[in-house]
There are 2 protein chains.
Amino acid sequence: MAKSKNTEQKIFDAATELFLEKGVDRTSVREIANKAGINLALMNYYFRSKENLFDAIFTMLVKKNTRKLIKILDSDLGLEEKIRKYVEAYIDMLTENPLLVSFVMAIVHRSQERITQMKAISSLYSTPKFAQQVFDESKKGHIKPTSPTQLFVDMLSLITFPFAIKLLIMDKTSYDEAHFQAFMEERKQRIPDLLLLSIKKHEE
Amino acid sequence: MAKSKNTEQKIFDAATELFLEKGVDRTSVREIANKAGINLALMNYYFRSKENLFDAIFTMLVKKNTRKLIKILDSDLGLEEKIRKYVEAYIDMLTENPLLVSFVMAIVHRSQERITQMKAISSLYSTPKFAQQVFDESKKGHIKPTSPTQLFVDMLSLITFPFAIKLLIMDKTSYDEAHFQAFMEERKQRIPDLLLLSIKKHEE
DNA sequence: TCAGGATTTAAACTTTGTTTAAAACATCTA
DNA sequence: TAGATGTTTTAAACAAAGTTTAAATCCTGA
């Protein structure tokens, strides 16, 4: 167990860098081995397969980047502030890690079956506290009767999907990177406004 | 050019069936050749590559399924009715063709660069009439000042993304297929309500 | 009819991810 | 210390994938 930890880490690091840089599919195992300066077979020795290595890296990335989001969801903030903070933090996160989006898309498209078993993703979408909060506020009559699931799916959709079709948006609107960034910045206000409006009482 | 059209069609049909059934990545060229009853090399003779064949099939599928959607967007319906009709038709379309979702995700994730060049997709998201309509109604003061792009992205996100994370939703809520269908059925009301509320004037 | 282009075929090629079996290394015990 | 044992590393081969090649066959028009 002397150099072992080291080799495993070398593979992990090289693969992470390559996956983020060129995408999983366009990165070959031989390339990873090369970059890590190790023998080809060691990838399969330490991780059972390339797919497995991908899972490990993806889990690490999600964990590293979503702690803040989960903390917000589980906090004691009021619903409005919670939603505003969550949307902002989520958009910031995806802006800083654009490749997480394509990673998620990769998962969605390649491993539909496995997606529910990936604890990292699963925990990201686990929202008992948030759901309870929506339920309670509904009950107390502070907001309209609202399905927590619908509300949460609305929120996720409005945040995430625009990143997935980023290039399409940029193409259709002739935006450059800066414009798109401004577009998403605008959504930090827009999305909470939209969601809060929909659950607020007393309007017509 | 005797049997040629026939062979090309046989490949196209066999591939379509297999792609839809098992996904693109899990379908090998040899399998397609087998099912079509043709020689392996003919796939590359008629379509230049498997990727190309996929593009052709995808374009066909999108065209076939989105005519109705485009027609609605380009119609003379009022904004409210247009949005309601569009959302309903779109959700119906994705419900009936669940594989179109993963196809879109595949494109988004594998071909970010090419996505804007795919006319089928591009035209689906081309909304000059809708944008004009939103712009005019804003100007006339019938609705709040609204960015057509933001509104359209909102709508697309709310419709499409839930299908992308379908398994995740089903897992988290212990839904079965029927439940999920009902969940999306509910969204046919919910999404237009949400969007219309956000552009309506005079509230609060 | 037969020349020439289009189509089809069998075979090989390249690049994937993965496995194997032996070699090298490290560790622990008699 | 020497040897046995388990771990790590290596070179080589494997299977399956998409693609290409070059020859064979078919078809059509002059």
# chains A, B, ... in the order shown; residues from 1 in each chain; ligands from 1
$ residues_around --residues "stretch 144-160 of chain B" --least-positions-apart "6" --cutoff "9 Å" --atoms "only C-alpha atoms (C1' of nucleotides)" --output "JSON, numbers by chain"
{"A": [153, 154, 155, 156, 157, 158, 159, 160, 161, 162, 169, 173, 183, 187, 190, 191], "B": [83, 87, 90, 91, 94, 101, 125, 127, 130, 131, 132, 133, 134, 135, 137, 138, 184, 187, 188, 191, 192, 195, 198, 199, 200, 201, 202]}
$ residues_around --residues "C:DT8" --least-positions-apart "6" --cutoff "8 Å" --atoms "only C-alpha atoms (C1' of nucleotides)" --output "PyMOL selection string"
(chain B and resi 39+42) or (chain D and resi 25)
$ write_last_selection --atoms "all heavy atoms" --output "compact mmCIF listing (two decimals), in the first residue's frame"
# COMPACT_ATOMS: atom_id res chain seq x y z
N ASN B 39 -25.24 -5.78 -46.28
CA ASN B 39 -23.82 -5.89 -45.94
C ASN B 39 -23.39 -4.73 -45.05
O ASN B 39 -23.84 -3.59 -45.21
CB ASN B 39 -22.99 -5.90 -47.22
CG ASN B 39 -21.52 -6.09 -46.93
OD1 ASN B 39 -20.82 -5.14 -46.59
ND2 ASN B 39 -21.06 -7.32 -47.03
N LEU B 42 -22.39 -1.25 -46.32
CA LEU B 42 -23.37 -0.40 -47.00
C LEU B 42 -23.82 0.77 -46.15
O LEU B 42 -24.24 1.81 -46.67
CB LEU B 42 -24.56 -1.24 -47.44
CG LEU B 42 -24.25 -2.16 -48.62
CD1 LEU B 42 -25.44 -3.03 -48.95
CD2 LEU B 42 -23.83 -1.34 -49.83
P DT D 25 -18.31 -12.30 -58.96
OP1 DT D 25 -18.74 -13.56 -58.34
OP2 DT D 25 -17.59 -12.27 -60.25
O5' DT D 25 -19.59 -11.37 -59.11
C5' DT D 25 -20.36 -11.09 -57.95
C4' DT D 25 -21.28 -9.92 -58.25
O4' DT D 25 -20.52 -8.74 -58.53
C3' DT D 25 -22.18 -10.14 -59.47
O3' DT D 25 -23.49 -10.30 -58.98
C2' DT D 25 -21.99 -8.86 -60.30
C1' DT D 25 -21.34 -7.91 -59.31
N1 DT D 25 -20.47 -6.83 -59.86
C2 DT D 25 -20.89 -5.53 -59.74
O2 DT D 25 -21.95 -5.20 -59.24
N3 DT D 25 -20.01 -4.60 -60.26
C4 DT D 25 -18.79 -4.85 -60.86
O4 DT D 25 -18.08 -3.94 -61.29
C5 DT D 25 -18.41 -6.24 -60.94
C7 DT D 25 -17.11 -6.61 -61.56
C6 DT D 25 -19.26 -7.16 -60.44
$ residues_around --residues "stretch 47-63 of chain B" --least-positions-apart "3" --cutoff "8 Å" --atoms "only C-alpha atoms (C1' of nucleotides)" --output "list in words"
Phe12, Thr16, Val24, Val29, Met43, Asn44, Thr66, Arg67, Leu100, Phe103, Met118, Lys119, Ala120 and Ile121 of chain B; DG18 of chain D
$ write_last_selection --atoms "all heavy atoms" --output "compact mmCIF listing (two decimals), in the first residue's frame"
# COMPACT_ATOMS: atom_id res chain seq x y z
N PHE B 12 -32.12 2.81 -43.07
CA PHE B 12 -32.74 3.90 -42.31
C PHE B 12 -33.81 3.35 -41.36
O PHE B 12 -33.83 3.69 -40.17
CB PHE B 12 -33.36 4.90 -43.29
CG PHE B 12 -33.79 6.19 -42.67
CD1 PHE B 12 -32.93 7.27 -42.59
CD2 PHE B 12 -35.08 6.32 -42.15
CE1 PHE B 12 -33.33 8.46 -42.02
CE2 PHE B 12 -35.49 7.52 -41.58
CZ PHE B 12 -34.60 8.59 -41.51
N THR B 16 -33.58 3.19 -37.33
CA THR B 16 -34.56 3.95 -36.55
C THR B 16 -35.17 3.08 -35.46
O THR B 16 -35.21 3.47 -34.29
CB THR B 16 -35.69 4.47 -37.47
OG1 THR B 16 -35.14 5.26 -38.51
CG2 THR B 16 -36.69 5.31 -36.67
N VAL B 24 -28.91 4.80 -29.17
CA VAL B 24 -27.90 4.85 -30.23
C VAL B 24 -26.64 4.11 -29.83
O VAL B 24 -26.10 3.31 -30.60
CB VAL B 24 -27.55 6.32 -30.56
CG1 VAL B 24 -26.58 6.38 -31.72
CG2 VAL B 24 -28.80 7.11 -30.85
N VAL B 29 -23.35 -1.06 -35.55
CA VAL B 29 -23.56 -1.02 -36.99
C VAL B 29 -23.82 -2.43 -37.53
O VAL B 29 -24.64 -2.61 -38.43
CB VAL B 29 -22.33 -0.41 -37.67
CG1 VAL B 29 -22.43 -0.56 -39.17
CG2 VAL B 29 -22.20 1.05 -37.29
N MET B 43 -23.75 0.60 -44.85
CA MET B 43 -24.12 1.70 -43.97
C MET B 43 -23.21 2.89 -44.26
O MET B 43 -23.68 4.03 -44.36
CB MET B 43 -24.00 1.25 -42.50
CG MET B 43 -24.65 2.19 -41.52
SD MET B 43 -23.63 3.63 -41.18
CE MET B 43 -22.48 2.95 -40.01
N ASN B 44 -21.93 2.60 -44.40
CA ASN B 44 -20.99 3.68 -44.67
C ASN B 44 -21.05 4.16 -46.12
O ASN B 44 -20.62 5.26 -46.43
CB ASN B 44 -19.55 3.23 -44.35
CG ASN B 44 -19.34 3.12 -42.86
OD1 ASN B 44 -19.69 2.12 -42.27
ND2 ASN B 44 -18.79 4.16 -42.25
N THR B 66 -42.69 17.73 -34.71
CA THR B 66 -42.75 19.10 -34.23
C THR B 66 -43.51 20.03 -35.17
O THR B 66 -43.62 21.21 -34.89
CB THR B 66 -41.34 19.67 -34.02
OG1 THR B 66 -40.64 19.64 -35.26
CG2 THR B 66 -40.60 18.87 -32.97
N ARG B 67 -44.00 19.50 -36.27
CA ARG B 67 -44.74 20.34 -37.20
C ARG B 67 -45.88 21.05 -36.47
O ARG B 67 -46.08 22.25 -36.59
CB ARG B 67 -45.30 19.47 -38.33
CG ARG B 67 -45.26 20.17 -39.68
CD ARG B 67 -45.53 19.17 -40.79
NE ARG B 67 -44.67 17.98 -40.65
CZ ARG B 67 -44.75 16.91 -41.46
NH1 ARG B 67 -45.68 16.86 -42.40
NH2 ARG B 67 -43.94 15.89 -41.30
N LEU B 100 -37.43 10.82 -27.81
CA LEU B 100 -37.00 12.11 -28.35
C LEU B 100 -36.26 12.91 -27.29
O LEU B 100 -35.34 13.65 -27.59
CB LEU B 100 -38.19 12.90 -28.86
CG LEU B 100 -38.49 12.78 -30.34
CD1 LEU B 100 -39.54 13.78 -30.76
CD2 LEU B 100 -37.23 12.98 -31.17
N PHE B 103 -32.86 11.58 -27.05
CA PHE B 103 -32.18 11.99 -28.28
C PHE B 103 -31.70 13.43 -28.16
O PHE B 103 -30.55 13.74 -28.47
CB PHE B 103 -33.14 11.86 -29.47
CG PHE B 103 -33.05 10.53 -30.15
CD1 PHE B 103 -32.93 9.35 -29.42
CD2 PHE B 103 -33.08 10.43 -31.53
CE1 PHE B 103 -32.84 8.12 -30.05
CE2 PHE B 103 -32.98 9.20 -32.17
CZ PHE B 103 -32.88 8.05 -31.43
N MET B 118 -27.93 21.94 -36.76
CA MET B 118 -28.99 20.99 -37.08
C MET B 118 -30.28 21.77 -37.31
O MET B 118 -30.89 22.26 -36.38
CB MET B 118 -29.14 19.98 -35.96
CG MET B 118 -27.85 19.24 -35.70
SD MET B 118 -28.08 17.78 -34.67
CE MET B 118 -28.84 16.65 -35.81
N LYS B 119 -30.66 21.83 -38.54
CA LYS B 119 -31.79 22.67 -38.90
C LYS B 119 -33.07 22.25 -38.19
O LYS B 119 -33.88 23.10 -37.82
CB LYS B 119 -31.99 22.65 -40.43
CG LYS B 119 -31.01 23.57 -41.15
CD LYS B 119 -31.36 23.66 -42.64
CE LYS B 119 -31.23 22.31 -43.32
NZ LYS B 119 -31.58 22.29 -44.73
N ALA B 120 -33.22 20.96 -38.00
CA ALA B 120 -34.44 20.47 -37.38
C ALA B 120 -34.62 21.07 -35.99
O ALA B 120 -35.67 21.61 -35.65
CB ALA B 120 -34.40 18.95 -37.29
N ILE B 121 -33.56 21.00 -35.21
CA ILE B 121 -33.61 21.57 -33.86
C ILE B 121 -33.72 23.08 -33.93
O ILE B 121 -34.52 23.70 -33.25
CB ILE B 121 -32.33 21.20 -33.08
CG1 ILE B 121 -32.32 19.71 -32.77
CG2 ILE B 121 -32.26 22.01 -31.80
CD1 ILE B 121 -31.94 19.40 -31.37
P DG D 18 -20.70 0.49 -33.88
OP1 DG D 18 -21.79 1.41 -33.53
OP2 DG D 18 -20.97 -0.75 -34.63
O5' DG D 18 -19.56 1.29 -34.64
C5' DG D 18 -19.17 2.57 -34.16
C4' DG D 18 -18.08 3.13 -35.05
O4' DG D 18 -17.03 2.15 -35.18
C3' DG D 18 -18.53 3.46 -36.47
O3' DG D 18 -17.99 4.71 -36.87
C2' DG D 18 -17.99 2.30 -37.31
C1' DG D 18 -16.73 1.92 -36.54
N9 DG D 18 -16.41 0.50 -36.72
C8 DG D 18 -17.21 -0.58 -36.45
N7 DG D 18 -16.66 -1.73 -36.74
C5 DG D 18 -15.42 -1.39 -37.23
C6 DG D 18 -14.36 -2.24 -37.71
O6 DG D 18 -14.35 -3.47 -37.80
N1 DG D 18 -13.25 -1.49 -38.12
C2 DG D 18 -13.18 -0.11 -38.07
N2 DG D 18 -12.04 0.44 -38.50
N3 DG D 18 -14.15 0.67 -37.63
C4 DG D 18 -15.24 -0.03 -37.23
$ select_by_dssp --residues "stretch 19-188 of chain B" --states "helix (DSSP H, G or I)" --output "VMD selection string"
chain B and resid 19 to 22 29 to 36 42 to 46 50 to 73 79 to 96 98 to 110 112 to 115 119 to 124 128 to 140 148 to 164 166 to 173 177 to 188
$ residues_around --residues "D:DA22" --least-positions-apart "3" --cutoff "12 Å" --atoms "only C-alpha atoms (C1' of nucleotides)" --output "ChimeraX atom specification"
/C:9-12
$ residues_around --residues "D:DT5" --least-positions-apart "4" --cutoff "12 Å" --atoms "only C-alpha atoms (C1' of nucleotides)" --output "number ranges by chain"
C: 26-29
$ atom_distance --atom1 "atom CA of B:Leu69" --atom2 "atom CA of B:Ala89"
6.6 Å
$ closest_residue --among "D:DA16, D:DA30, D:DA11, D:DA4" --to "chain B" --atoms "only C-alpha atoms (C1' of nucleotides)"
D:DA16
$ closest_residue --among "B:Ser174, B:Ser123, B:Ser28, B:Ser102" --to "chain A" --atoms "only C-alpha atoms"
B:Ser102
